[in-house]
Amino acid sequence: MSNKRNYTKEDIKRFAEEENVRYLRLQFSDILGTIKNVEIPISQLDKALDNEMMFDGSSIEGFVRIEESDMKLYPDLNTWVIFPWTTGKGKVARLICDIYKPDGTPFEGDPRSNLKRVLNRMKDMGYTDFNLGPEPEFFLFKLDEKGKPTLELNDDGGYFDLAPTDLGENCRRDIVLELEDMGFEVEASHHEVASGQHEIDFKYADAITACDNIQTFKLVVKTIARKHNLHATFMPKPLEGISGNGMHFNVSLFKDGENAFFNPDGELELSDDAYHFIAGIQEHARGFTSICNPLVNSYKRLVPGYEAPCYIAWSAQNRSPLIRIPSSRGLSTRVEVRSVDPAANPYMALATILEAGLDGIRNKKEATKPVDENIYDMNREQREAEGVEDLPSTLYTALKALREDKVIQDALGPHIYKQFLGSKNIEWDMYRTSVSEWEREQYLSQY
C-alpha cells in the first residue's frame with residue numbers, strides 16, 4: 001500500500017464489475033479515531049464517485065450540531081480495496097473519504113482533511129513528503145461462549161517466541177495473509193514482550209496513506225481475530241503488571257526524494273533539520289500527549305519499567321526515552337516517537353507530531369544533548385540535572401498541557417481542539433468520580 005496509485009472513476013467502476021462487488025463502504029474516522037461507515041449498494045456507485053453521497057454529521061461524535069448537519073463524502077479513489085474475507089455472493093469494497101461541507105469546502109472537524117492542511121503548511125516550508133512507519137501492538141484474548149471478550153490470554157509466549165507456546169501464531173499468520181491480499185507490505189510480525197501480545201509492522205508510506213493503513217489494519221486485526229474466536233484489543237494497558245500496547249511512530253521528512261534528516265557530515269549523520277525537529281518534539285511533547293495517549297487508561301502504560309517512555313529525552317542508543325533515533329541512515333534516517341499508543345486517532349497524532357517538529361525547524365530550536373544511560377535508573381535529581389522532563393502522568397495533566405500549547409491547538413484547528421477537549425473532560429470527570437474495586441479493597445474495612 002505504500003506504492004502510489006492513481007485510480008480513475010473508470011478504474012473503480014471496472015474493478016467493481018470484474019470482481020462482482022455488491023456493496024461499498026464509504027469510510028471515515030471520527031475525532032476519537034473510531035472508523036465510521038456509510039454502506040451503499042453498488043448501484044449507488046456513480047453517485048458516490050461524483051461526491052454526492054450525504055450523511056448526517058450531527059450523529060457522529062465531535063462533529064457538528066443538528067442545525068449544520070449535512071455533510072458530503074468525497075472518496076479517495078486510491079484507497080479502493082475489496083475486503084478479502086467477504087467473498088461469495090456479496091463482495092464488499094471500501095473507499096476512505098474526506099468530509100466536505102455542502103458548499104464544497106473541507107469540513108474542519110474531519111481529522112483526515114485536517115492532516116492534509118498541516119501537510120500543506122509543511123509544503124509551504126519547502127518539504128515535499130512526510131513519511132510514517134507505524135508499529136502497532138495488540139493483545140489477543142479468548143472469547144467466552146457468548147462471544148464476549150475475557151481476560152484469558154490465548155498463549156503464554158514471550159518476545160519473538162515461536163510455537164508451541166504461541167497459539168496466537170495462526171491468527172497472526174492469517175492477519176498477515178489478509179493484509180497482503182489487500183496490498184500491504186508487511187515487514188515483520190512477531191510475538192511481543194507480554195503473553196498474548198503481538199506486533200505487525202508494515203512498510204512506511206506517506207502520511208495520509210500510512211494513517212489510512214493504520215485504520216484499515218485495526219479493522220482487519222479485529223475481524224480476523226473474531227474468526228479465530230479471539231478478541232483483539234488495542235487498549236493501551238489491558239492488564240496490570242505486564243507491558244501495554246504501544247504504536248511507535250517512525251517519521252521522516254523529505255525534500256524532492258532526499259531525506260531531510262540525513263547529513264553524512266553531521267553529528268550522528270543527522271542534519272540540522274533533524275536536530276531542530278527533535279527539539280520541537282521535545283518542546284511540545286507534553287502538549288501532544290493527550291492526542292497521542294487519549295484514554296484514561298493510556299497513562300497506566302506510560303510508567304517506568306515496561307519499555308514505554310515516561311520521560312522527555314532523546315537518544316540514538318537507548319530505548320527508555322521518548323525519542324529514539326534508529327541506527328539506519330541514508331533514505332531510512334528517521335525519528336521514532338515512542339509514546340504514541342494505538343488508541344490514538346492516527347491522523348490527529350501525526351498532525352500534532354508534524355506541527356511540533358516543524359515548529360522546531362521554523363524557530364531553529366536547539367535539541368538537548370542525548371541521554372544515553374537508562375533514564376529509569378536515574379532519580380529525580382539526576383533527571384533534573386540532565387534537563388529531562390516527565391511526560392504527563394494522567395489524562396488530566398495531559399489535557400492541561402494541551403490547553404497551554406498554542407502550537408498543538410493550531411495543529412488540530414479550533415473545531416477538533418474544542419470537541420476533543422470537551423469529550424475528554426467528560427471522560428476524565430467520569431473516571432475521577434467513579435469508585436474502583438481497588439479503592440474498596442484498600443479502604444472499605446480499614447476505615
# chains A, B, ... in the order shown; residues from 1 in each chain; ligands from 1
>>> select_by_dssp(residues="stretch 143-315 of chain A", states="alpha helix (DSSP H)", output="PyMOL selection string")
chain A and resi 168-181+207-227+272-292+298-301
>>> residues_around(residues="stretch 378-383 of chain A", least_positions_apart="4", cutoff="12 Å", atoms="only C-alpha atoms", output="ChimeraX atom specification")
/A:304,310-313,320-321,371-374,387-390
>>> write_last_selection(atoms="C-alpha atoms", output="PDB file, in the first residue's frame")
ATOM      1  CA  PRO A 304       8.642   3.165  34.362  1.00  0.00           C
ATOM      2  CA  CYS A 310       7.648   8.483  30.524  1.00  0.00           C
ATOM      3  CA  TYR A 311      10.495  10.986  30.166  1.00  0.00           C
ATOM      4  CA  ILE A 312      11.122  13.669  27.548  1.00  0.00           C
ATOM      5  CA  ALA A 313      14.590  12.943  26.203  1.00  0.00           C
ATOM      6  CA  SER A 320      13.924   4.396  27.617  1.00  0.00           C
ATOM      7  CA  PRO A 321      13.445   7.976  26.283  1.00  0.00           C
ATOM      8  CA  VAL A 371      20.664  10.896  27.196  1.00  0.00           C
ATOM      9  CA  ASP A 372      22.304   7.552  26.579  1.00  0.00           C
ATOM     10  CA  GLU A 373      22.112   5.952  30.019  1.00  0.00           C
ATOM     11  CA  ASN A 374      18.938   4.237  31.220  1.00  0.00           C
ATOM     12  CA  GLY A 387      17.180  18.531  31.908  1.00  0.00           C
ATOM     13  CA  VAL A 388      14.853  15.540  31.497  1.00  0.00           C
ATOM     14  CA  GLU A 389      11.183  16.450  31.970  1.00  0.00           C
ATOM     15  CA  ASP A 390       8.385  13.965  32.706  1.00  0.00           C
TER      16      ASP A 390
END
>>> closest_atom_pairs(of="stretch 179-270 of chain A", to="stretch 337-356 of chain A", cutoff="12 Å", atoms="only C-alpha atoms", output="tab-separated table")
residue	atom	partner	partner_atom	distance
A:Glu199	CA	A:Pro342	CA	11.3
A:Asp206	CA	A:Leu350	CA	11.2
A:Ala207	CA	A:Leu350	CA	7.6
A:Ile208	CA	A:Tyr347	CA	7.5
A:Thr209	CA	A:Tyr347	CA	10.1
A:Ala210	CA	A:Pro346	CA	8.7
A:Cys211	CA	A:Pro346	CA	5.5
A:Asp212	CA	A:Tyr347	CA	8.3
A:Asn213	CA	A:Pro346	CA	9.6
A:Ile214	CA	A:Pro346	CA	7.2
A:Gln215	CA	A:Pro346	CA	7.8
A:Thr216	CA	A:Pro346	CA	11.4
A:Phe217	CA	A:Pro342	CA	10.9
A:Lys218	CA	A:Pro342	CA	9.0
A:Thr233	CA	A:Pro342	CA	9.5
A:Phe234	CA	A:Pro342	CA	5.7
A:Met235	CA	A:Ala343	CA	6.2
A:Pro236	CA	A:Asp341	CA	6.1
A:Lys237	CA	A:Asp341	CA	9.6
A:Pro238	CA	A:Ala343	CA	11.9
A:Gly244	CA	A:Asp341	CA	8.9
A:Asn245	CA	A:Asp341	CA	6.4
A:Gly246	CA	A:Asp341	CA	4.3
A:Met247	CA	A:Asp341	CA	4.7
A:His248	CA	A:Arg338	CA	4.6
A:Phe249	CA	A:Val337	CA	5.2
A:Asn250	CA	A:Val337	CA	6.4
A:Val251	CA	A:Val337	CA	7.8
A:Ser252	CA	A:Leu354	CA	9.6
A:Leu253	CA	A:Leu354	CA	9.2
>>> atom_distance(atom1="atom CA of A:Phe254", atom2="atom CA of A:Gly126")
9.4 Å
>>> select_by_dssp(residues="stretch 41-209 of chain A", states="strand (DSSP E)", output="ChimeraX atom specification")
/A:41,53-56,70-75,81-82,91-100,129-143,149-153,186-191,197-202,205-206
>>> atom_distance(atom1="atom CA of A:Trp85", atom2="atom CA of A:Val220")
9.3 Å
>>> residues_around(residues="stretch 18-34 of chain A", least_positions_apart="3", cutoff="9 Å", atoms="only C-alpha atoms", output="PyMOL selection string")
chain A and resi 13-15+37-45+48+60-63+73-75+82+89-99+109-112+215+294+343-348+416+419-420+423
>>> residues_around(residues="A:Lys424", least_positions_apart="6", cutoff="9 Å", atoms="only C-alpha atoms", output="list of chain:residue names")
A:Ser290, A:Pro294, A:Leu295, A:Val296, A:Leu395, A:Tyr396, A:Leu399
>>> write_last_selection(atoms="C-alpha atoms", output="CSV table (one decimal), in the first residue's frame")
chain,number,residue,atom,x,y,z
A,290,SER,CA,-3.4,13.9,25.3
A,294,PRO,CA,-6.1,9.9,24.6
A,295,LEU,CA,-7.5,7.5,27.2
A,296,VAL,CA,-7.6,7.5,31.0
A,395,LEU,CA,-5.2,12.4,31.2
A,396,TYR,CA,-6.0,15.4,33.4
A,399,LEU,CA,-5.3,18.0,28.9
>>> closest_residue(among="A:Pro136, A:Gly360, A:Pro84, A:Gly147", to="A:Leu179", atoms="only C-alpha atoms")
A:Pro84
>>> atom_distance(atom1="atom CA of A:Trp314", atom2="atom CA of A:Ile375")
10.4 Å
